[in-house]
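Structure first, then comments.
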Amino acid sequence: MKNRLITLVDLGLDSSFDASMTFVQGITSNINAGWNSPVIDVNFVRTRDHETAFSALTTPSTVLHVMAHGDHSEEPSFLSTDGQTQVSLTALADWFLDRSWGIASGVVIADGCKTGIGKWQRAIRDCLQDEITYIGTSTVIGWYEATVFCSAFYGALVRNRGLGKSPAEQGWDAADRAIRAYETLTDSRCPYKPVLLTPSRRALRSLAG
C-alpha cells in the first residue's frame with residue numbers, strides 16, 4: 001500500500017513556528033522508527049516565495065499541514081510573524097483558476113489562530129479539488145495547544161492503515177480522536193475543529209478549465 005504523504009508548510013517564519021514544525025517532524029520520525037521502510041513520507045517547505053508556497057499547498061498529499069498566523073482582517077491569509085510574507089486564499093484561488101488545479105489533500109490543517117471561522121471555511125472551498133476534512137481553530141492558540149493536538153492527531157492517523165476509508169474520512173476519525181485526547185489531557189476544550197468541505201462552484205469551474 002502506498003505510504004501516507006504529509007506536506008508540512010511553514011509560513012510563520014520565526015523561532016516559535018520553527019520549534020512547532022520541528023516537533024511535528026519529530027512525531028513523524030518516531031512513527032517511522034522500527035520499520036524496515038517508512039510508513040509516512042514527509043515534504044517540508046519553509047519559504048517566502050509565493051510560487052513555491054502555492055506549489056507546496058497544491059501538492060497531492062494525505063495531509064497538508066500549514067503553520068502560520070491566521071489573518072482575516074481583509075481576507076483569509078496565512079501570515080508570517082514579521083508581516084513580510086502573506087499568502088491569501090483569494091490569491092491561491094486565482095492561481096487555481098489559471099492552472100486548473102488546487103488543493104489536492106484529503107486533510108488540511110490550518111495551524112494558526114481562528115482559522116476555523118466561517119470566513120476561512122468559505123475561502124478554502126474556492127481552492128479545493130475534492131472533498132476534504134478541514135481542521136481549523138476556533139480561538140487564539142500557541143505552541144502548547146498545537147503540539148498537544150498534533151501529537152494525538154498523527155498518532156491516531158497511523159493507528160491503522162485506513163482500509164475502506166477515504167483520506168478525508170481517515171482525517172476526520174483522527175481529528176475526533178485527537179480532540180478527545182486533548183480534552184482528557186488538558187481538562188479544557190480543544191480549539192481544533194474538523195469540518196467536511198467540498199469544492200465551491202468557483203472551484204468546480206476552475207477544474208473545468
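Scheme for the C-alpha cells: letters A, B, ... for chains in order shown; per-chain residue numbers from 1; ligand numbers from 1 in order shown.
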
Can you list, as a count of residues only, every protein, DNA or RNA residue that comes within 10 Å of A:Asp41 when you count only C-alpha atoms, leaving out same-chain residues fewer than 3 positions away?
-> 12

Distance query A:Ala146 at most 8 Å, only C-alpha atoms, self and fewer than 5 positions along chain excluded, as a VMD selection string | chain A and resid 20 111 141

Closest atom pairs, residues of stretch 111-142 of chain A within 12 Å of stretch 86-89 of chain A, only C-alpha atoms, as CSV:
residue,atom,partner,partner_atom,distance
A:Thr115,CA,A:Leu89,CA,11.6
A:Lys119,CA,A:Leu89,CA,10.6
A:Trp120,CA,A:Leu89,CA,8.4
A:Gln121,CA,A:Leu89,CA,10.3
A:Arg122,CA,A:Leu89,CA,9.9
A:Ala123,CA,A:Leu89,CA,6.1
A:Ile124,CA,A:Leu89,CA,6.4
A:Arg125,CA,A:Leu89,CA,9.4
A:Asp126,CA,A:Leu89,CA,8.1
A:Cys127,CA,A:Leu89,CA,7.3
A:Leu128,CA,A:Leu89,CA,10.8

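Atom CA of A:Asn36 lies 29.5 Å from atom CA of A:Leu57.
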
Name the residues of stretch 22-159 of chain A that fall into strand (DSSP E or B) according to DSSP on the backbone, using the chain letters and numbers of this document, as a ChimeraX atom specification.
-> /A:40-46,61-67,69-71,77-79,86-88,103,105-111,128,132-137

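Each of A:Leu8, A:Leu13, A:Val158, A:Val107 was compared to A:Asn30 using only C-alpha atoms, and A:Val158 turns out to be the nearest.
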
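Using only C-alpha atoms for every distance, the candidate list A:Trp172, A:Trp101, A:Trp95, A:Phe149 yields A:Phe149 as the residue closest to A:Arg189.
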
Could you pull the residues within 12 Å of A:Ile135, counting only C-alpha atoms, minus those fewer than 2 positions along the same chain, as a ChimeraX atom specification?
-> /A:63-66,106-117,120-121,124,132-133,137-138,146,149-150,153,168,171-176,178-179,190-197

Neighbour list for A:Ala56 as a PyMOL selection string, cut-off 12 Å, only C-alpha atoms, skip fewer than 3 positions in-chain = chain A and resi 6-11+42-53+59-61+63-66+87+92+102-105

Please produce a file of those selected residues containing N, CA and C atoms, as a tab-separated table (two decimals), in the first residue's frame.
chain	number	residue	atom	x	y	z
A	6	ILE	N	2.75	13.41	4.12
A	6	ILE	CA	2.45	14.60	4.90
A	6	ILE	C	3.24	15.76	4.31
A	7	THR	N	2.56	16.82	3.91
A	7	THR	CA	3.23	18.03	3.43
A	7	THR	C	3.15	19.09	4.51
A	8	LEU	N	4.30	19.47	5.05
A	8	LEU	CA	4.39	20.48	6.10
A	8	LEU	C	4.88	21.79	5.49
A	9	VAL	N	4.13	22.85	5.70
A	9	VAL	CA	4.47	24.15	5.13
A	9	VAL	C	4.55	25.18	6.25
A	10	ASP	N	5.74	25.76	6.43
A	10	ASP	CA	5.95	26.78	7.45
A	10	ASP	C	5.94	28.15	6.79
A	11	LEU	N	4.88	28.92	7.04
A	11	LEU	CA	4.79	30.29	6.54
A	11	LEU	C	4.84	31.30	7.69
A	42	VAL	N	7.39	12.53	4.18
A	42	VAL	CA	7.19	13.91	4.60
A	42	VAL	C	7.85	14.87	3.61
A	43	ASN	N	7.07	15.85	3.14
A	43	ASN	CA	7.61	17.00	2.43
A	43	ASN	C	7.62	18.17	3.40
A	44	PHE	N	8.72	18.92	3.44
A	44	PHE	CA	8.81	20.07	4.33
A	44	PHE	C	9.23	21.29	3.53
A	45	VAL	N	8.44	22.35	3.61
A	45	VAL	CA	8.71	23.57	2.86
A	45	VAL	C	8.64	24.76	3.81
A	46	ARG	N	9.69	25.57	3.79
A	46	ARG	CA	9.70	26.85	4.52
A	46	ARG	C	10.15	27.90	3.51
A	47	THR	N	9.27	28.85	3.20
A	47	THR	CA	9.58	29.74	2.09
A	47	THR	C	8.87	31.08	2.23
A	48	ARG	N	9.45	32.09	1.57
A	48	ARG	CA	8.80	33.38	1.41
A	48	ARG	C	8.33	33.59	-0.03
A	49	ASP	N	8.72	32.68	-0.91
A	49	ASP	CA	8.37	32.81	-2.32
A	49	ASP	C	6.95	32.31	-2.57
A	50	HIS	N	6.09	33.16	-3.15
A	50	HIS	CA	4.69	32.80	-3.32
A	50	HIS	C	4.50	31.62	-4.27
A	51	GLU	N	5.25	31.58	-5.35
A	51	GLU	CA	5.10	30.48	-6.29
A	51	GLU	C	5.45	29.15	-5.64
A	52	THR	N	6.52	29.15	-4.83
A	52	THR	CA	6.91	27.94	-4.11
A	52	THR	C	5.84	27.55	-3.09
A	53	ALA	N	5.30	28.54	-2.39
A	53	ALA	CA	4.26	28.28	-1.40
A	53	ALA	C	3.01	27.70	-2.06
A	59	THR	N	0.38	20.39	-3.60
A	59	THR	CA	0.99	19.07	-3.76
A	59	THR	C	0.01	18.00	-3.28
A	60	PRO	N	-0.34	17.02	-4.11
A	60	PRO	CA	-1.25	15.96	-3.65
A	60	PRO	C	-0.67	15.24	-2.43
A	61	SER	N	-1.40	15.24	-1.33
A	61	SER	CA	-0.91	14.70	-0.07
A	61	SER	C	-2.05	14.06	0.70
A	63	VAL	N	-2.09	14.57	4.06
A	63	VAL	CA	-2.32	15.70	4.96
A	63	VAL	C	-1.49	16.89	4.50
A	64	LEU	N	-2.14	18.03	4.35
A	64	LEU	CA	-1.45	19.31	4.16
A	64	LEU	C	-1.54	20.06	5.48
A	65	HIS	N	-0.39	20.33	6.07
A	65	HIS	CA	-0.34	20.96	7.40
A	65	HIS	C	0.41	22.28	7.26
A	66	VAL	N	-0.33	23.38	7.42
A	66	VAL	CA	0.25	24.72	7.24
A	66	VAL	C	0.33	25.41	8.59
A	87	VAL	N	0.16	34.95	2.32
A	87	VAL	CA	-0.39	34.08	1.28
A	87	VAL	C	-1.90	34.06	1.48
A	92	LEU	N	-4.61	32.28	-3.89
A	92	LEU	CA	-4.47	30.87	-4.21
A	92	LEU	C	-5.59	30.41	-5.14
A	102	GLY	N	-5.81	22.72	-7.74
A	102	GLY	CA	-5.75	23.39	-6.45
A	102	GLY	C	-5.33	22.44	-5.36
A	103	ILE	N	-5.87	22.63	-4.16
A	103	ILE	CA	-5.51	21.78	-3.03
A	103	ILE	C	-6.04	20.37	-3.27
A	104	ALA	N	-5.12	19.41	-3.23
A	104	ALA	CA	-5.48	18.01	-3.54
A	104	ALA	C	-5.10	17.10	-2.39
A	105	SER	N	-5.35	17.53	-1.17
A	105	SER	CA	-5.05	16.75	0.03
A	105	SER	C	-6.35	16.34	0.70

Polymer residues at most 9 Å from A:Trp143, only C-alpha atoms, same-chain spacing of 3 or more positions, as a list in words | Ser16, Phe17, Ala19, Ser20, Ala146, Thr147 and Val148 of chain A

Restricting the output to N, CA and C atoms, write the selected residues as a compact mmCIF listing (two decimals), in the first residue's frame.
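Heads up, here's the output in part27.txt:
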# COMPACT_ATOMS: atom_id res chain seq x y z
N SER A 16 9.40 30.35 16.98
CA SER A 16 8.30 29.58 17.58
C SER A 16 7.72 28.60 16.57
N PHE A 17 7.50 29.06 15.34
CA PHE A 17 6.99 28.16 14.31
C PHE A 17 8.03 27.10 13.96
N ALA A 19 10.13 25.79 16.04
CA ALA A 19 10.06 24.79 17.12
C ALA A 19 8.86 23.87 16.95
N SER A 20 7.70 24.43 16.60
CA SER A 20 6.50 23.62 16.41
C SER A 20 6.65 22.68 15.24
N ALA A 146 -0.98 23.59 19.98
CA ALA A 146 -0.63 22.97 18.70
C ALA A 146 0.07 21.63 18.90
N THR A 147 1.03 21.58 19.80
CA THR A 147 1.79 20.35 19.97
C THR A 147 0.97 19.24 20.63
N VAL A 148 0.11 19.60 21.57
CA VAL A 148 -0.73 18.58 22.21
C VAL A 148 -1.69 17.97 21.18

So which residues of chain A fall under helix (DSSP H, G or I) by DSSP, listed as a PyMOL selection string?
-> chain A and resi 15-32+50-57+89-99+118-125+143-157+167-186+201-208
